[in-house]
Amino acid sequence: MFKNIRSDIQAVFDNDPAARSRFEVIFTYSGLHAIWFHRMGHFLYRHHWFTLARIISQFSRFMTGIEIHPGATIGRRLFIDHGMGVVIGETCEIGDDVVIYQGVTLGGTGKEKGKRHPTIGNQVVIGSGAKILGSFKVGDLSSIGSNSVVLKEVPPNSTVVGIPGTIVRQNGKRPDRLSHQMPDPVYEHMCILQEEIKRLREEVRQLTLEKETASRE
(Lines give C-alpha, C1' and ligand atoms only; values in the text may rest on other atoms or scores of the structure.)
Protein backbone atom coordinates (compact mmCIF):
# COMPACT_ATOMS: atom_id res chain seq x y z
CA MET A 1 0.00 0.00 0.00
CA PHE A 2 2.74 2.47 0.99
CA LYS A 3 4.65 1.64 -2.20
CA ASN A 4 1.56 2.57 -4.24
CA ILE A 5 1.17 5.80 -2.29
CA ARG A 6 4.78 6.77 -2.98
CA SER A 7 4.42 5.98 -6.69
CA ASP A 8 1.18 8.04 -6.86
CA ILE A 9 2.99 11.02 -5.34
CA GLN A 10 5.96 10.57 -7.67
CA ALA A 11 3.58 10.51 -10.67
CA VAL A 12 2.50 14.04 -9.75
CA PHE A 13 6.10 15.28 -9.79
CA ASP A 14 6.76 13.46 -13.07
CA ASN A 15 3.80 15.09 -14.84
CA ASP A 16 3.17 18.45 -13.18
CA PRO A 17 5.96 21.07 -13.20
CA ALA A 18 3.91 23.14 -10.71
CA ALA A 19 4.36 20.56 -7.93
CA ARG A 20 6.76 21.99 -5.34
CA SER A 21 6.80 19.68 -2.33
CA ARG A 22 5.39 16.40 -1.06
CA PHE A 23 3.42 18.26 1.60
CA GLU A 24 1.73 20.39 -1.06
CA VAL A 25 1.01 17.39 -3.27
CA ILE A 26 -0.46 15.28 -0.46
CA PHE A 27 -2.77 17.98 0.86
CA THR A 28 -3.77 19.99 -2.22
CA TYR A 29 -4.01 17.65 -5.24
CA SER A 30 -7.63 16.55 -5.62
CA GLY A 31 -6.76 14.06 -8.36
CA LEU A 32 -4.49 12.25 -5.90
CA HIS A 33 -7.22 12.25 -3.24
CA ALA A 34 -9.74 10.82 -5.73
CA ILE A 35 -7.37 7.95 -6.57
CA TRP A 36 -6.83 7.13 -2.90
CA PHE A 37 -10.58 7.21 -2.19
CA HIS A 38 -11.08 4.96 -5.19
CA ARG A 39 -8.57 2.42 -3.88
CA MET A 40 -10.61 2.10 -0.68
CA GLY A 41 -13.90 1.89 -2.56
CA HIS A 42 -12.55 -0.60 -5.08
CA PHE A 43 -11.35 -2.91 -2.26
CA LEU A 44 -14.84 -2.89 -0.75
CA TYR A 45 -16.45 -3.35 -4.17
CA ARG A 46 -14.36 -6.45 -4.89
CA HIS A 47 -15.49 -7.88 -1.54
CA HIS A 48 -19.15 -7.23 -2.42
CA TRP A 49 -19.66 -4.28 -0.06
CA PHE A 50 -21.29 -2.44 -2.97
CA THR A 51 -23.32 0.15 -1.08
CA LEU A 52 -20.46 1.21 1.20
CA ALA A 53 -18.17 1.37 -1.85
CA ARG A 54 -20.63 3.69 -3.63
CA ILE A 55 -20.91 5.87 -0.53
CA ILE A 56 -17.13 6.35 -0.53
CA SER A 57 -17.26 7.08 -4.27
CA GLN A 58 -19.95 9.72 -3.82
CA PHE A 59 -18.11 11.29 -0.88
CA SER A 60 -14.99 11.46 -3.07
CA ARG A 61 -17.03 13.11 -5.82
CA PHE A 62 -18.34 15.69 -3.35
CA MET A 63 -14.84 16.45 -2.05
CA THR A 64 -12.87 16.40 -5.31
CA GLY A 65 -15.30 16.91 -8.21
CA ILE A 66 -14.06 13.63 -9.68
CA GLU A 67 -16.40 10.66 -10.01
CA ILE A 68 -14.78 7.23 -10.25
CA HIS A 69 -17.09 4.24 -9.98
CA PRO A 70 -15.69 1.81 -7.38
CA GLY A 71 -15.91 -0.99 -9.94
CA ALA A 72 -13.40 0.67 -12.27
CA THR A 73 -9.93 -0.88 -12.46
CA ILE A 74 -7.06 1.60 -12.25
CA GLY A 75 -3.38 0.82 -12.82
CA ARG A 76 -0.31 2.31 -11.21
CA ARG A 77 0.78 5.95 -11.30
CA LEU A 78 -2.42 7.40 -12.74
CA PHE A 79 -2.22 11.22 -12.76
CA ILE A 80 -5.43 13.25 -12.88
CA ASP A 81 -4.51 16.89 -13.43
CA HIS A 82 -6.96 19.36 -11.82
CA GLY A 83 -9.63 16.72 -12.41
CA MET A 84 -12.86 18.68 -12.00
CA GLY A 85 -15.62 16.98 -14.00
CA VAL A 86 -13.75 13.72 -14.66
CA VAL A 87 -16.10 10.71 -14.84
CA ILE A 88 -14.84 7.10 -15.00
CA GLY A 89 -17.41 4.33 -15.47
CA GLU A 90 -17.89 1.03 -13.68
CA THR A 91 -16.30 -1.36 -16.20
CA CYS A 92 -13.53 1.02 -17.28
CA GLU A 93 -9.98 -0.33 -17.12
CA ILE A 94 -7.01 2.04 -17.01
CA GLY A 95 -3.40 0.93 -17.47
CA ASP A 96 -0.20 2.26 -15.93
CA ASP A 97 1.26 5.78 -16.25
CA VAL A 98 -1.90 7.32 -17.73
CA VAL A 99 -2.50 11.09 -17.64
CA ILE A 100 -6.07 12.45 -17.55
CA TYR A 101 -6.94 16.15 -17.67
CA GLN A 102 -10.07 17.88 -16.41
CA GLY A 103 -13.52 17.24 -17.88
CA VAL A 104 -12.73 13.80 -19.30
CA THR A 105 -15.47 11.16 -19.52
CA LEU A 106 -14.70 7.46 -19.84
CA GLY A 107 -18.25 6.26 -20.30
CA GLY A 108 -20.70 3.99 -22.08
CA THR A 109 -23.07 4.59 -24.98
CA GLY A 110 -26.26 2.97 -23.68
CA LYS A 111 -27.84 0.59 -21.21
CA GLU A 112 -26.06 -2.55 -22.36
CA LYS A 113 -24.90 -5.03 -19.72
CA GLY A 114 -21.40 -6.36 -19.11
CA LYS A 115 -18.30 -4.53 -20.36
CA ARG A 116 -19.57 -1.17 -21.58
CA HIS A 117 -16.75 1.26 -20.82
CA PRO A 118 -13.37 1.72 -22.51
CA THR A 119 -10.08 0.05 -21.73
CA ILE A 120 -7.21 2.55 -21.63
CA GLY A 121 -3.72 1.21 -22.34
CA ASN A 122 -0.44 2.16 -20.72
CA GLN A 123 1.08 5.65 -21.02
CA VAL A 124 -2.01 7.16 -22.64
CA VAL A 125 -2.64 10.92 -22.39
CA ILE A 126 -6.27 12.12 -22.51
CA GLY A 127 -6.72 15.85 -23.07
CA SER A 128 -9.18 18.20 -21.38
CA GLY A 129 -12.84 17.61 -22.16
CA ALA A 130 -12.29 14.44 -24.19
CA LYS A 131 -15.05 11.82 -24.24
CA ILE A 132 -14.23 8.16 -24.79
CA LEU A 133 -17.49 6.25 -25.04
CA GLY A 134 -17.97 2.53 -25.53
CA SER A 135 -16.39 -0.85 -24.88
CA PHE A 136 -13.16 -0.74 -26.90
CA LYS A 137 -9.45 -0.26 -26.28
CA VAL A 138 -7.27 2.80 -26.58
CA GLY A 139 -3.82 1.41 -27.37
CA ASP A 140 -0.63 2.02 -25.45
CA LEU A 141 1.28 5.30 -25.96
CA SER A 142 -1.71 7.00 -27.60
CA SER A 143 -2.81 10.62 -27.15
CA ILE A 144 -6.42 11.83 -27.20
CA GLY A 145 -6.74 15.52 -28.10
CA SER A 146 -8.73 17.99 -26.02
CA ASN A 147 -12.54 17.87 -26.58
CA SER A 148 -12.29 14.86 -28.90
CA VAL A 149 -15.13 12.34 -28.95
CA VAL A 150 -13.77 8.83 -29.44
CA LEU A 151 -16.27 6.12 -30.42
CA LYS A 152 -14.08 3.35 -31.82
CA GLU A 153 -10.86 1.50 -31.07
CA VAL A 154 -7.58 3.37 -31.21
CA PRO A 155 -4.38 1.54 -32.27
CA PRO A 156 -1.24 1.86 -30.15
CA ASN A 157 0.98 4.93 -30.58
CA SER A 158 -1.76 6.97 -32.25
CA THR A 159 -3.08 10.51 -31.90
CA VAL A 160 -6.83 11.13 -32.05
CA VAL A 161 -8.49 14.51 -32.52
CA GLY A 162 -11.88 15.89 -33.51
CA ILE A 163 -15.58 15.03 -33.33
CA PRO A 164 -15.96 12.20 -34.01
CA GLY A 165 -12.40 11.25 -33.16
CA THR A 166 -10.10 10.89 -36.16
CA ILE A 167 -6.80 9.04 -35.98
CA VAL A 168 -3.88 11.17 -37.16
CA ARG A 169 -0.11 10.81 -36.95
CA GLN A 170 2.78 13.24 -36.83
CA ASN A 171 5.36 11.73 -39.19
CA GLY A 172 4.89 8.38 -37.51
CA LYS A 173 6.10 9.83 -34.20
CA ARG A 174 4.16 10.24 -31.00
CA PRO A 175 3.94 13.88 -29.83
CA ASP A 176 5.36 14.99 -26.52
CA ARG A 177 3.50 13.41 -23.56
CA LEU A 178 2.18 16.66 -22.20
CA SER A 179 1.73 18.47 -25.51
CA HIS A 180 -1.77 19.67 -26.43
CA GLN A 181 -0.64 20.85 -29.88
CA MET A 182 -2.48 18.18 -31.84
CA PRO A 183 -2.94 18.20 -35.64
CA ASP A 184 -6.37 19.34 -36.83
CA PRO A 185 -7.65 17.09 -39.66
CA VAL A 186 -10.49 19.50 -40.58
CA TYR A 187 -8.02 22.37 -40.97
CA GLU A 188 -5.71 20.19 -43.03
CA HIS A 189 -8.55 19.19 -45.39
CA MET A 190 -9.57 22.84 -45.73
CA CYS A 191 -6.01 23.72 -46.73
CA ILE A 192 -6.05 20.99 -49.36
CA LEU A 193 -9.36 22.28 -50.73
CA GLN A 194 -8.03 25.84 -50.85
CA GLU A 195 -5.02 24.69 -52.84
CA GLU A 196 -7.29 22.81 -55.24
CA ILE A 197 -9.52 25.87 -55.71
CA LYS A 198 -6.44 28.00 -56.37
CA ARG A 199 -5.24 25.52 -59.00
CA LEU A 200 -8.64 25.42 -60.71
CA ARG A 201 -8.86 29.21 -60.78
CA GLU A 202 -5.45 29.36 -62.45
CA GLU A 203 -6.59 26.83 -65.07
CA VAL A 204 -9.76 28.85 -65.75
CA ARG A 205 -7.69 32.02 -66.07
CA GLN A 206 -5.35 30.33 -68.58
CA LEU A 207 -8.26 28.97 -70.60
CA THR A 208 -9.89 32.41 -70.67
CA LEU A 209 -6.66 34.02 -71.94
CA GLU A 210 -6.30 31.38 -74.64
CA LYS A 211 -9.89 31.90 -75.73
CA GLU A 212 -9.46 35.69 -75.92
CA THR A 213 -6.22 35.27 -77.89
CA ALA A 214 -7.89 32.88 -80.33
CA SER A 215 -10.86 35.25 -80.86
CA ARG A 216 -8.52 38.15 -81.71
CA GLU A 217 -6.73 36.04 -84.29
# chains A, B, ... in the order shown; residues from 1 in each chain; ligands from 1
$ residues_around --residues "Gly31 in chain A" --least-positions-apart "3" --cutoff "6 Å" --atoms "only C-alpha atoms" --output "ChimeraX atom specification"
/A:34,80,83
$ select_by_dssp --residues "range 29-127 of chain A" --states "helix (DSSP H, G or I)" --output "short mmCIF file (atom, residue, chain, number, x, y, z; two decimals) with N, CA, C and O atoms, in the first residue's frame"
data_model
loop_
_atom_site.label_atom_id
_atom_site.label_comp_id
_atom_site.auth_asym_id
_atom_site.auth_seq_id
_atom_site.Cartn_x
_atom_site.Cartn_y
_atom_site.Cartn_z
N SER A 30 -6.36 17.29 -5.69
CA SER A 30 -7.63 16.55 -5.62
C SER A 30 -7.60 15.27 -6.45
O SER A 30 -8.27 14.29 -6.10
N GLY A 31 -6.86 15.27 -7.56
CA GLY A 31 -6.76 14.06 -8.36
C GLY A 31 -6.14 12.92 -7.57
O GLY A 31 -6.56 11.76 -7.67
N LEU A 32 -5.14 13.25 -6.76
CA LEU A 32 -4.49 12.25 -5.90
C LEU A 32 -5.47 11.75 -4.85
O LEU A 32 -5.56 10.54 -4.58
N HIS A 33 -6.23 12.66 -4.25
CA HIS A 33 -7.22 12.25 -3.24
C HIS A 33 -8.27 11.33 -3.85
O HIS A 33 -8.67 10.33 -3.23
N ALA A 34 -8.72 11.64 -5.07
CA ALA A 34 -9.74 10.82 -5.73
C ALA A 34 -9.23 9.39 -5.96
O ALA A 34 -9.97 8.41 -5.81
N ILE A 35 -7.96 9.28 -6.34
CA ILE A 35 -7.37 7.95 -6.57
C ILE A 35 -7.30 7.16 -5.27
O ILE A 35 -7.63 5.97 -5.23
N TRP A 36 -6.92 7.82 -4.19
CA TRP A 36 -6.83 7.13 -2.90
C TRP A 36 -8.21 6.72 -2.40
O TRP A 36 -8.38 5.63 -1.86
N PHE A 37 -9.20 7.59 -2.54
CA PHE A 37 -10.58 7.21 -2.19
C PHE A 37 -11.02 6.02 -3.03
O PHE A 37 -11.67 5.09 -2.53
N HIS A 38 -10.67 6.05 -4.31
CA HIS A 38 -11.08 4.96 -5.19
C HIS A 38 -10.45 3.64 -4.75
O HIS A 38 -11.10 2.59 -4.81
N ARG A 39 -9.22 3.66 -4.32
CA ARG A 39 -8.57 2.42 -3.88
C ARG A 39 -9.35 1.79 -2.73
O ARG A 39 -9.54 0.57 -2.68
N MET A 40 -9.80 2.62 -1.79
CA MET A 40 -10.61 2.10 -0.68
C MET A 40 -11.94 1.54 -1.18
O MET A 40 -12.35 0.44 -0.82
N GLY A 41 -12.61 2.33 -2.04
CA GLY A 41 -13.90 1.89 -2.56
C GLY A 41 -13.79 0.64 -3.41
O GLY A 41 -14.65 -0.25 -3.34
N HIS A 42 -12.73 0.56 -4.20
CA HIS A 42 -12.55 -0.60 -5.08
C HIS A 42 -12.31 -1.87 -4.26
O HIS A 42 -12.81 -2.96 -4.61
N PHE A 43 -11.58 -1.76 -3.15
CA PHE A 43 -11.35 -2.91 -2.26
C PHE A 43 -12.69 -3.42 -1.72
O PHE A 43 -12.96 -4.63 -1.72
N LEU A 44 -13.52 -2.50 -1.27
CA LEU A 44 -14.84 -2.89 -0.75
C LEU A 44 -15.71 -3.47 -1.85
O LEU A 44 -16.46 -4.44 -1.63
N TYR A 45 -15.64 -2.88 -3.04
CA TYR A 45 -16.45 -3.35 -4.17
C TYR A 45 -16.08 -4.79 -4.53
O TYR A 45 -16.96 -5.62 -4.79
N ARG A 46 -14.79 -5.10 -4.56
CA ARG A 46 -14.36 -6.45 -4.89
C ARG A 46 -14.78 -7.47 -3.83
O ARG A 46 -14.90 -8.66 -4.12
N PHE A 50 -21.00 -3.37 -1.87
CA PHE A 50 -21.29 -2.44 -2.97
C PHE A 50 -21.80 -1.09 -2.48
O PHE A 50 -21.37 -0.05 -2.97
N THR A 51 -22.73 -1.11 -1.53
CA THR A 51 -23.32 0.15 -1.08
C THR A 51 -22.29 1.02 -0.38
O THR A 51 -22.20 2.23 -0.64
N LEU A 52 -21.49 0.44 0.50
CA LEU A 52 -20.46 1.21 1.20
C LEU A 52 -19.43 1.74 0.20
O LEU A 52 -18.95 2.88 0.32
N ALA A 53 -19.10 0.93 -0.81
CA ALA A 53 -18.17 1.37 -1.85
C ALA A 53 -18.72 2.58 -2.59
O ALA A 53 -17.99 3.54 -2.87
N ARG A 54 -20.03 2.55 -2.93
CA ARG A 54 -20.63 3.69 -3.63
C ARG A 54 -20.69 4.92 -2.74
O ARG A 54 -20.57 6.05 -3.22
N ILE A 55 -20.89 4.73 -1.45
CA ILE A 55 -20.91 5.87 -0.53
C ILE A 55 -19.54 6.56 -0.53
O ILE A 55 -19.45 7.80 -0.59
N ILE A 56 -18.48 5.77 -0.48
CA ILE A 56 -17.13 6.35 -0.53
C ILE A 56 -16.92 7.07 -1.86
O ILE A 56 -16.34 8.16 -1.91
N SER A 57 -17.39 6.46 -2.95
CA SER A 57 -17.26 7.08 -4.27
C SER A 57 -17.97 8.42 -4.33
O SER A 57 -17.44 9.40 -4.87
N GLN A 58 -19.19 8.48 -3.79
CA GLN A 58 -19.95 9.72 -3.82
C GLN A 58 -19.33 10.78 -2.90
O GLN A 58 -19.35 11.97 -3.23
N PHE A 59 -18.79 10.35 -1.77
CA PHE A 59 -18.11 11.29 -0.88
C PHE A 59 -16.89 11.88 -1.59
O PHE A 59 -16.62 13.08 -1.51
N SER A 60 -16.15 11.01 -2.31
CA SER A 60 -14.99 11.46 -3.07
C SER A 60 -15.41 12.47 -4.14
O SER A 60 -14.74 13.49 -4.35
N ARG A 61 -16.53 12.18 -4.80
CA ARG A 61 -17.03 13.11 -5.82
C ARG A 61 -17.35 14.47 -5.20
O ARG A 61 -17.04 15.52 -5.78
N PHE A 62 -17.99 14.45 -4.03
CA PHE A 62 -18.34 15.69 -3.35
C PHE A 62 -17.09 16.49 -2.97
O PHE A 62 -17.04 17.72 -3.11
N MET A 63 -16.05 15.79 -2.53
CA MET A 63 -14.84 16.45 -2.05
C MET A 63 -13.91 16.89 -3.17
O MET A 63 -13.23 17.91 -3.05
N THR A 64 -13.87 16.14 -4.27
CA THR A 64 -12.87 16.40 -5.31
C THR A 64 -13.44 16.85 -6.66
O THR A 64 -12.69 17.36 -7.50
#
$ residues_around --residues "Ile9 in chain A" --least-positions-apart "6" --cutoff "9 Å" --atoms "only C-alpha atoms" --output "NGL selection string"
:A and (22 or 25-26 or 32 or 77)
$ write_last_selection --atoms "N, CA, C and O atoms" --output "mmCIF file, in the first residue's frame"
data_model
loop_
_atom_site.group_PDB
_atom_site.id
_atom_site.type_symbol
_atom_site.label_atom_id
_atom_site.label_comp_id
_atom_site.auth_asym_id
_atom_site.auth_seq_id
_atom_site.Cartn_x
_atom_site.Cartn_y
_atom_site.Cartn_z
ATOM 1 N N ARG A 22 6.268 17.521 -1.380
ATOM 2 C CA ARG A 22 5.392 16.402 -1.056
ATOM 3 C C ARG A 22 4.227 16.856 -0.179
ATOM 4 O O ARG A 22 3.104 16.374 -0.339
ATOM 5 N N VAL A 25 1.661 18.402 -2.442
ATOM 6 C CA VAL A 25 1.011 17.390 -3.275
ATOM 7 C C VAL A 25 0.004 16.575 -2.467
ATOM 8 O O VAL A 25 -1.137 16.357 -2.888
ATOM 9 N N ILE A 26 0.402 16.144 -1.277
ATOM 10 C CA ILE A 26 -0.459 15.284 -0.458
ATOM 11 C C ILE A 26 -1.732 16.003 -0.029
ATOM 12 O O ILE A 26 -2.818 15.416 -0.015
ATOM 13 N N LEU A 32 -5.139 13.247 -6.761
ATOM 14 C CA LEU A 32 -4.492 12.255 -5.905
ATOM 15 C C LEU A 32 -5.467 11.747 -4.847
ATOM 16 O O LEU A 32 -5.556 10.540 -4.581
ATOM 17 N N ARG A 77 0.280 4.616 -10.939
ATOM 18 C CA ARG A 77 0.783 5.954 -11.300
ATOM 19 C C ARG A 77 -0.160 6.733 -12.212
ATOM 20 O O ARG A 77 0.281 7.477 -13.083
#
$ residues_around --residues "Phe136 in chain A" --least-positions-apart "2" --cutoff "6 Å" --atoms "only C-alpha atoms" --output "list of chain:residue names"
A:Pro118, A:Gly134, A:Glu153
$ write_last_selection --atoms "all heavy atoms" --output "JSON list (two decimals), in the first residue's frame"
[["chain", "number", "residue", "atom", "x", "y", "z"],
["A", 118, "PRO", "N", -14.63, 1.96, -21.79],
["A", 118, "PRO", "CA", -13.37, 1.72, -22.51],
["A", 118, "PRO", "C", -12.27, 1.13, -21.66],
["A", 118, "PRO", "O", -12.28, 1.23, -20.42],
["A", 118, "PRO", "CB", -12.98, 3.12, -23.00],
["A", 118, "PRO", "CG", -13.66, 4.05, -22.06],
["A", 118, "PRO", "CD", -14.93, 3.40, -21.66],
["A", 134, "GLY", "N", -17.77, 3.85, -24.96],
["A", 134, "GLY", "CA", -17.97, 2.53, -25.53],
["A", 134, "GLY", "C", -16.97, 1.52, -25.03],
["A", 134, "GLY", "O", -15.98, 1.85, -24.38],
["A", 153, "GLU", "N", -12.18, 1.91, -31.57],
["A", 153, "GLU", "CA", -10.86, 1.50, -31.07],
["A", 153, "GLU", "C", -9.74, 2.35, -31.65],
["A", 153, "GLU", "O", -9.77, 2.77, -32.81],
["A", 153, "GLU", "CB", -10.62, 0.03, -31.39],
["A", 153, "GLU", "CG", -9.34, -0.53, -30.80],
["A", 153, "GLU", "CD", -9.33, -2.04, -30.74],
["A", 153, "GLU", "OE1", -10.41, -2.66, -30.83],
["A", 153, "GLU", "OE2", -8.23, -2.60, -30.61]]
$ select_by_dssp --residues "range 25-211 of chain A" --states "strand (DSSP E or B)" --output "PyMOL selection string"
chain A and resi 67-68+73-74+79-80+87-88+93-94+99-100+105-107+119-120+125-126+131-133+137-138+143-144+149-150+154+159-161+166-168+170+173
